Amino acid sequence: MPSSSSPALRRLVTTAVTAALVGTSTALWAQAPSDGAAQAPALGGRAAPAAVLDEVIVTSSRIPMPLRQIGTAVSVVTGDDIDLRGYSSMADILRTQPGIAVTNTGGLGKTTNLRIRGEDGYRTTLMIDGVRIADPTGTQIAPSFDHLLTTSDLDRVEVLRGPQGFIYGADAGGVVNILTRTGMGRPSGQVGLEHGDFGTNRYDGSVSGGSSKGDYFFSATHVGSDGFNSEKADTALADDDGYRNTTLHAKLGLNPTENLRLQLVARDVDGRTEYDGCGFPTVHDCVGTSESTTYRLSADYQSGKLGHLFAYGNTDVSDDNFASGVSEFAADGSISHAEYIGNYKPTDSTTFVYGIDLERDEMESAGERSSRDQNAFYFEYQGQLTDRLFVSAGSRHDDNDDFGTHLSSRVTLAYVTDVGNGASLKYRASAGTGFRAPSLYEIAYNSGPFSYPPASDVTLKEETSKGYDLGVDFTAASGLTAELTYFNQTIDDAIDFDLATFSGYVQLSGRSRSRGVEAALDVPFGEQWGLIVNLTYNDTDDGTGLQRVRRPRNYGNFGLRYSSANQKLDLLANLRFSRDTVDEIFGLGRVPLDDYQVLDLSATYKVTDAVQVYVRGQNLTDEDYEEVTGFNSAPRAAWVGARFKF
């Protein structure tokens, strides 16, 4: 739908489509066979699991748990889902999930902020195979979604929404946990090639193998794109702003005994971004480089009622930013992390999880070095009170060098009941708290030469957050699933950059709020068609009664999938929409952003078991929209590619 169409008309059409989809879904459930014989293919053409609630999730409590026992709000994206959607950016994959919105400033590699339930990315923990991925040189030690590609090593992604990730020390946003593939069987590999608009080329490959004694998985991905003009203010050069990224990944496992696993995970990301609007005076010939190297060594011993995991990981990041070829800001940083995770299961209905985290953050810029230690221990009880009722309760104690001790906690409840015809309902509730200490960068900026009152007069203190959610999940034997969740969370003493006067980082007065409803629906149409819908209503308040900037009040996705009877062809059409968003402009205050909707289409065809070809089109209606005021979004574009297995 073109952006010039009437907002009232667009809302009317969206409402009508929503009503039609919900009505169709209800009718399909009513007609579903009670014996579960019609097992519809899930996204990507794979068979839907017969018992969705038995799916194993590891993110909620860092140990494997069946979904039926989990009281938190968790969503899962599989590797097949990622392959079919085809996006190069992990942020684009995640924005198809309930409760997640993304802003981007001009294409691949540009500043990308992922918000879960309205909370900024720096309030969200990103993990890859147990390694915390964050940029210690960044303003808030945030995960860098700018350079996170959808590489061929990805197995699945689990997202824990809200301030319930206390075991990780997570804040108000939640946890994104990426799990990579483990090698198995005879040596094998894959090569992928892709070409498309904006002069984009992508090459990736992997080799893997393994046995009961050990395994290996190596992958490499390179993406290069000429991009497009990222900022509307660049009318002089008006040049394309390109991007280059090379990501290397290795995962090595050794199993000395049946109960002991040793593992090394290593990842190196080298990114180069061209962008606009840097320097003083402002120029549009800007380049940012970022190189990060991450590794984690772990030993996991599980035997009988006891389990122990010891791990040490490290992340090194080196960033530099150039204005017209002259470095204007460079920084190096590191995060080192040692941990122990234990679990004890004295009975079949009781599990205890406990652990210790030791973390050190370091940053160096302009010859100034700063560091901070934060150590923690935690404990959680998980209990099955009946064959239908599951509870958990736990606390975490953090000790921060600069901001003292803090106690975070979480309680969850899950109750599962059969409703007939092979269908079940799970009622769930969770409540948790968290905190975030001001980053080394925030503190340094406010005491530096570019800060002035009011920010320079502020002594920053830690943020504290709390929140709860209530939800119900429905699962039918036909493969139909539905989810409805109400969430409500607050942040006291929230830290944000002063967009009114650009003086630095300030402590927001009042209490920042984010509350709303998430709804998700996956409906099979027989064995070949399916409907995927998620809708999020997010009401935010910055503490002064104003809507928080760049948080759409209404957003979501409508997806239609098709898998051929011979399982060779898979199609997916996805309409993503965003409504009722405001931004803030220096000197003008709050300004509304236009509503928009973006239609994407992807298709894969299996030529043989070893050869697959695919095509992807994004923004097929050529919608002209902004996610951040003054920055362009990608026009209509298409890509074609192939994957070869050997």
# chains A, B, ... in the order shown; residues from 1 in each chain; ligands from 1

call {"tool": "residues_around", "arguments": {"residues": "Asp135 (chain A)", "least_positions_apart": "3", "cutoff": "7 Å", "atoms": "only C-alpha atoms", "output": "list in words"}}
result
Gly138, Ile141, Ala142, Pro143, Ser144 and Val317 of chain A

call {"tool": "select_by_dssp", "arguments": {"residues": "region 106-332 of chain A", "states": "helix (DSSP H, G or I)", "output": "list in words"}}
result
Gly121, Tyr122, Arg123, Phe145, Asp146, His147, Phe166, Ile167 and Tyr168 of chain A

call {"tool": "write_last_selection", "arguments": {"atoms": "N, CA and C atoms", "output": "CSV table (one decimal), in the first residue's frame"}}
result
chain,number,residue,atom,x,y,z
A,121,GLY,N,18.0,-1.7,23.0
A,121,GLY,CA,18.8,-2.9,22.9
A,121,GLY,C,19.8,-3.0,24.0
A,122,TYR,N,20.3,-1.9,24.6
A,122,TYR,CA,21.3,-2.0,25.6
A,122,TYR,C,20.7,-2.5,26.9
A,123,ARG,N,19.4,-2.7,27.0
A,123,ARG,CA,18.7,-3.3,28.1
A,123,ARG,C,18.4,-4.8,27.8
A,145,PHE,N,23.8,-5.3,17.2
A,145,PHE,CA,23.0,-5.9,16.1
A,145,PHE,C,23.4,-5.3,14.7
A,146,ASP,N,24.2,-4.2,14.7
A,146,ASP,CA,24.6,-3.6,13.4
A,146,ASP,C,25.3,-4.7,12.6
A,147,HIS,N,26.2,-5.5,13.2
A,147,HIS,CA,27.1,-6.4,12.5
A,147,HIS,C,26.7,-7.9,12.7
A,166,PHE,N,16.8,-13.1,35.1
A,166,PHE,CA,17.7,-12.8,36.3
A,166,PHE,C,18.9,-13.6,36.3
A,167,ILE,N,18.9,-14.8,35.8
A,167,ILE,CA,20.1,-15.7,35.9
A,167,ILE,C,21.2,-15.1,35.0
A,168,TYR,N,20.9,-14.3,34.0
A,168,TYR,CA,21.9,-13.7,33.1
A,168,TYR,C,22.3,-12.3,33.6

call {"tool": "select_by_dssp", "arguments": {"residues": "region 129-162 of chain A", "states": "strand (DSSP E or B)", "output": "list in words"}}
result
Val131, Arg132, Leu149, Leu154, Asp155, Arg156, Val157, Glu158, Val159, Leu160 and Arg161 of chain A

call {"tool": "write_last_selection", "arguments": {"atoms": "C-alpha atoms", "output": "mmCIF file, in the first residue's frame"}}
result
data_model
loop_
_atom_site.group_PDB
_atom_site.id
_atom_site.type_symbol
_atom_site.label_atom_id
_atom_site.label_comp_id
_atom_site.auth_asym_id
_atom_site.auth_seq_id
_atom_site.Cartn_x
_atom_site.Cartn_y
_atom_site.Cartn_z
ATOM 1 C CA VAL A 131 28.895 -16.129 25.258
ATOM 2 C CA ARG A 132 27.603 -12.675 26.101
ATOM 3 C CA LEU A 149 24.539 -11.533 10.247
ATOM 4 C CA LEU A 154 22.785 -20.880 13.110
ATOM 5 C CA ASP A 155 20.653 -23.688 14.548
ATOM 6 C CA ARG A 156 17.971 -21.782 16.471
ATOM 7 C CA VAL A 157 17.286 -18.519 18.296
ATOM 8 C CA GLU A 158 15.356 -18.315 21.569
ATOM 9 C CA VAL A 159 13.993 -14.988 22.815
ATOM 10 C CA LEU A 160 13.012 -14.431 26.443
ATOM 11 C CA ARG A 161 10.847 -11.305 26.590
#

call {"tool": "closest_residue", "arguments": {"among": "A:Arg616, A:Thr103, A:Lys461, A:Asp399", "to": "Val549 (chain A)", "atoms": "only C-alpha atoms"}}
result
A:Thr103

call {"tool": "closest_residue", "arguments": {"among": "A:Pro552, A:Gly99, A:Gly617, A:Gly404", "to": "Thr540 (chain A)", "atoms": "only C-alpha atoms"}}
result
A:Pro552

call {"tool": "residues_around", "arguments": {"residues": "Leu252 (chain A)", "least_positions_apart": "3", "cutoff": "7 Å", "atoms": "only C-alpha atoms", "output": "JSON, numbers by chain"}}
result
{"A": [215, 216, 217, 263, 264, 265]}

call {"tool": "write_last_selection", "arguments": {"atoms": "C-alpha atoms", "output": "mmCIF file, in the first residue's frame"}}
result
data_model
loop_
_atom_site.group_PDB
_atom_site.id
_atom_site.type_symbol
_atom_site.label_atom_id
_atom_site.label_comp_id
_atom_site.auth_asym_id
_atom_site.auth_seq_id
_atom_site.Cartn_x
_atom_site.Cartn_y
_atom_site.Cartn_z
ATOM 1 C CA ASP A 215 32.710 -32.883 16.653
ATOM 2 C CA TYR A 216 33.590 -29.768 14.694
ATOM 3 C CA PHE A 217 31.794 -26.998 12.805
ATOM 4 C CA GLN A 263 33.821 -27.242 24.024
ATOM 5 C CA LEU A 264 35.458 -24.254 22.359
ATOM 6 C CA VAL A 265 33.388 -21.636 20.532
#

call {"tool": "atom_distance", "arguments": {"atom1": "CA of Gly196 (chain A)", "atom2": "CA of Val640 (chain A)"}}
result
6.2 Å

call {"tool": "residues_around", "arguments": {"residues": "region 603-607 of chain A", "least_positions_apart": "3", "cutoff": "7 Å", "atoms": "only C-alpha atoms", "output": "compact mmCIF listing (two decimals) with all heavy atoms, in the first residue's frame"}}
result
# COMPACT_ATOMS: atom_id res chain seq x y z
N LEU A 84 14.61 -19.75 5.13
CA LEU A 84 13.52 -19.41 4.24
C LEU A 84 13.31 -17.90 4.16
O LEU A 84 13.13 -17.35 3.07
CB LEU A 84 12.22 -20.09 4.69
CG LEU A 84 10.98 -19.75 3.86
CD1 LEU A 84 11.20 -20.04 2.37
CD2 LEU A 84 9.76 -20.53 4.37
N LYS A 568 9.45 -29.74 -2.21
CA LYS A 568 10.58 -29.12 -2.91
C LYS A 568 10.50 -27.59 -2.90
O LYS A 568 11.52 -26.90 -2.88
CB LYS A 568 10.64 -29.61 -4.37
CG LYS A 568 11.13 -31.05 -4.53
CD LYS A 568 11.23 -31.43 -5.98
CE LYS A 568 11.84 -32.82 -6.15
NZ LYS A 568 13.26 -32.85 -5.75
N LEU A 569 9.29 -27.04 -2.92
CA LEU A 569 9.08 -25.60 -3.01
C LEU A 569 8.49 -25.07 -1.73
O LEU A 569 7.48 -25.59 -1.22
CB LEU A 569 8.15 -25.27 -4.18
CG LEU A 569 7.76 -23.79 -4.35
CD1 LEU A 569 8.99 -22.96 -4.70
CD2 LEU A 569 6.66 -23.64 -5.40
N ASP A 570 9.11 -24.02 -1.17
CA ASP A 570 8.58 -23.32 -0.01
C ASP A 570 8.47 -21.84 -0.34
O ASP A 570 9.41 -21.24 -0.89
CB ASP A 570 9.50 -23.49 1.21
CG ASP A 570 9.50 -24.92 1.73
OD1 ASP A 570 8.40 -25.43 2.00
OD2 ASP A 570 10.59 -25.50 1.85
N LEU A 571 7.33 -21.24 0.02
CA LEU A 571 7.08 -19.82 -0.22
C LEU A 571 6.67 -19.17 1.09
O LEU A 571 5.98 -19.78 1.92
CB LEU A 571 5.96 -19.61 -1.24
CG LEU A 571 6.16 -20.14 -2.66
CD1 LEU A 571 4.85 -20.01 -3.45
CD2 LEU A 571 7.26 -19.37 -3.36
N LEU A 572 7.05 -17.92 1.27
CA LEU A 572 6.61 -17.16 2.43
C LEU A 572 6.44 -15.69 2.03
O LEU A 572 7.37 -15.06 1.53
CB LEU A 572 7.63 -17.26 3.57
CG LEU A 572 7.32 -16.41 4.81
CD1 LEU A 572 6.04 -16.90 5.48
CD2 LEU A 572 8.48 -16.43 5.80
N VAL A 611 21.20 -29.48 -3.86
CA VAL A 611 21.17 -28.16 -4.49
C VAL A 611 19.84 -27.48 -4.20
O VAL A 611 18.76 -28.06 -4.43
CB VAL A 611 21.37 -28.25 -6.02
CG1 VAL A 611 21.32 -26.85 -6.64
CG2 VAL A 611 22.68 -28.94 -6.35
N GLN A 612 19.91 -26.26 -3.71
CA GLN A 612 18.72 -25.46 -3.44
C GLN A 612 18.93 -24.07 -4.01
O GLN A 612 20.00 -23.47 -3.86
CB GLN A 612 18.48 -25.37 -1.92
CG GLN A 612 17.24 -24.61 -1.52
CD GLN A 612 17.13 -24.46 -0.01
OE1 GLN A 612 17.89 -23.72 0.61
NE2 GLN A 612 16.18 -25.17 0.60
N VAL A 613 17.91 -23.53 -4.68
CA VAL A 613 17.96 -22.17 -5.19
C VAL A 613 16.87 -21.35 -4.50
O VAL A 613 15.87 -21.91 -4.02
CB VAL A 613 17.77 -22.12 -6.73
CG1 VAL A 613 18.92 -22.80 -7.43
CG2 VAL A 613 16.44 -22.74 -7.14
N TYR A 614 17.07 -20.05 -4.42
CA TYR A 614 16.09 -19.22 -3.73
C TYR A 614 16.06 -17.81 -4.33
O TYR A 614 17.00 -17.37 -5.00
CB TYR A 614 16.38 -19.15 -2.23
CG TYR A 614 17.70 -18.52 -1.86
CD1 TYR A 614 17.81 -17.15 -1.62
CD2 TYR A 614 18.85 -19.30 -1.71
CE1 TYR A 614 19.02 -16.59 -1.25
CE2 TYR A 614 20.06 -18.75 -1.35
CZ TYR A 614 20.14 -17.38 -1.12
OH TYR A 614 21.35 -16.81 -0.78
N VAL A 615 14.97 -17.12 -4.07
CA VAL A 615 14.80 -15.73 -4.48
C VAL A 615 14.11 -14.99 -3.35
O VAL A 615 13.30 -15.57 -2.61
CB VAL A 615 13.98 -15.64 -5.80
CG1 VAL A 615 12.58 -16.23 -5.60
CG2 VAL A 615 13.88 -14.19 -6.27
N ARG A 616 14.45 -13.73 -3.18
CA ARG A 616 13.86 -12.93 -2.10
C ARG A 616 13.59 -11.52 -2.60
O ARG A 616 14.45 -10.92 -3.26
CB ARG A 616 14.83 -12.88 -0.90
CG ARG A 616 14.32 -12.08 0.27
CD ARG A 616 15.26 -12.17 1.46
NE ARG A 616 16.41 -11.27 1.38
CZ ARG A 616 17.62 -11.62 1.04
NH1 ARG A 616 17.88 -12.88 0.69
NH2 ARG A 616 18.62 -10.74 1.03

call {"tool": "atom_distance", "arguments": {"atom1": "CA of Gln140 (chain A)", "atom2": "CA of Gly86 (chain A)"}}
result
29.9 Å

call {"tool": "closest_residue", "arguments": {"among": "A:Ala637, A:Ala236, A:Leu440, A:Ala134", "to": "Asp285 (chain A)", "atoms": "only C-alpha atoms"}}
result
A:Ala236

call {"tool": "residues_around", "arguments": {"residues": "region 329-346 of chain A", "least_positions_apart": "5", "cutoff": "9 Å", "atoms": "only C-alpha atoms", "output": "MDAnalysis selection string"}}
result
chainID A and resid 62:63 131:132 134:138 296 302 304:322 351:366

call {"tool": "closest_atom_pairs", "arguments": {"of": "region 101-202 of chain A", "to": "region 407-417 of chain A", "cutoff": "12 Å", "atoms": "only C-alpha atoms", "output": "tab-separated table"}}
result
residue	atom	partner	partner_atom	distance
A:Gly162	CA	A:Arg410	CA	11.1
A:Pro163	CA	A:Arg410	CA	8.6
A:Gln164	CA	A:Arg410	CA	6.0
A:Gly165	CA	A:Arg410	CA	8.0
A:Phe166	CA	A:Ser409	CA	6.2
A:Ile167	CA	A:Ser409	CA	8.8
A:Tyr168	CA	A:Ser408	CA	10.4
A:Gly169	CA	A:Ser408	CA	7.9
A:Ala170	CA	A:Ser408	CA	9.4
A:Asp171	CA	A:Ser408	CA	9.6
A:Ala172	CA	A:Ser408	CA	11.4

call {"tool": "write_last_selection", "arguments": {"atoms": "C-alpha atoms", "output": "mmCIF file, in the first residue's frame"}}
result
data_model
loop_
_atom_site.group_PDB
_atom_site.id
_atom_site.type_symbol
_atom_site.label_atom_id
_atom_site.label_comp_id
_atom_site.auth_asym_id
_atom_site.auth_seq_id
_atom_site.Cartn_x
_atom_site.Cartn_y
_atom_site.Cartn_z
ATOM 1 C CA GLY A 162 10.782 -8.956 29.580
ATOM 2 C CA PRO A 163 12.783 -8.476 32.824
ATOM 3 C CA GLN A 164 12.698 -12.154 33.784
ATOM 4 C CA GLY A 165 16.224 -13.169 32.781
ATOM 5 C CA PHE A 166 17.681 -12.758 36.269
ATOM 6 C CA ILE A 167 20.066 -15.699 35.864
ATOM 7 C CA TYR A 168 21.873 -13.717 33.135
ATOM 8 C CA GLY A 169 21.815 -10.435 35.047
ATOM 9 C CA ALA A 170 19.470 -9.244 32.288
ATOM 10 C CA ASP A 171 17.736 -5.896 32.479
ATOM 11 C CA ALA A 172 14.244 -4.839 31.375
#

call {"tool": "closest_residue", "arguments": {"among": "A:Ala376, A:Leu480, A:Val391, A:Leu601", "to": "Thr350 (chain A)", "atoms": "only C-alpha atoms"}}
result
A:Val391

call {"tool": "residues_around", "arguments": {"residues": "Gly79 (chain A)", "least_positions_apart": "3", "cutoff": "12 Å", "atoms": "only C-alpha atoms", "output": "list in words"}}
result
Leu43, Gly44, Arg46, Val76, Ile82, Asp83, Leu84, Arg85, Gly86, Met90, Ile93, Thr150, Thr151, Ser152, Asp153, Leu154, Asp155, Arg156, Val157, Glu158, Ile178, Leu179, Thr180 and Arg181 of chain A

call {"tool": "closest_residue", "arguments": {"among": "A:Leu262, A:Cys278, A:Ile491, A:Ala638", "to": "Leu297 (chain A)", "atoms": "only C-alpha atoms"}}
result
A:Leu262

call {"tool": "residues_around", "arguments": {"residues": "region 444-459 of chain A", "least_positions_apart": "4", "cutoff": "12 Å", "atoms": "only C-alpha atoms", "output": "number ranges by chain"}}
result
A: 137-140, 363-366, 368-371, 403, 438-440, 493, 495-508

call {"tool": "closest_residue", "arguments": {"among": "A:Thr246, A:Ser633, A:Thr105, A:Thr481", "to": "Ala519 (chain A)", "atoms": "only C-alpha atoms"}}
result
A:Thr481

call {"tool": "closest_atom_pairs", "arguments": {"of": "region 84-104 of chain A", "to": "region 529-533 of chain A", "cutoff": "12 Å", "atoms": "only C-alpha atoms", "output": "CSV"}}
result
residue,atom,partner,partner_atom,distance
A:Thr96,CA,A:Val533,CA,9.3
A:Gln97,CA,A:Val533,CA,9.2
A:Pro98,CA,A:Val533,CA,8.9

call {"tool": "write_last_selection", "arguments": {"atoms": "C-alpha atoms", "output": "compact mmCIF listing (two decimals), in the first residue's frame"}}
result
# COMPACT_ATOMS: atom_id res chain seq x y z
CA THR A 96 9.20 -10.88 12.69
CA GLN A 97 8.63 -12.10 16.27
CA PRO A 98 6.03 -10.82 18.78

call {"tool": "atom_distance", "arguments": {"atom1": "CA of His222 (chain A)", "atom2": "CA of Tyr203 (chain A)"}}
result
5.3 Å
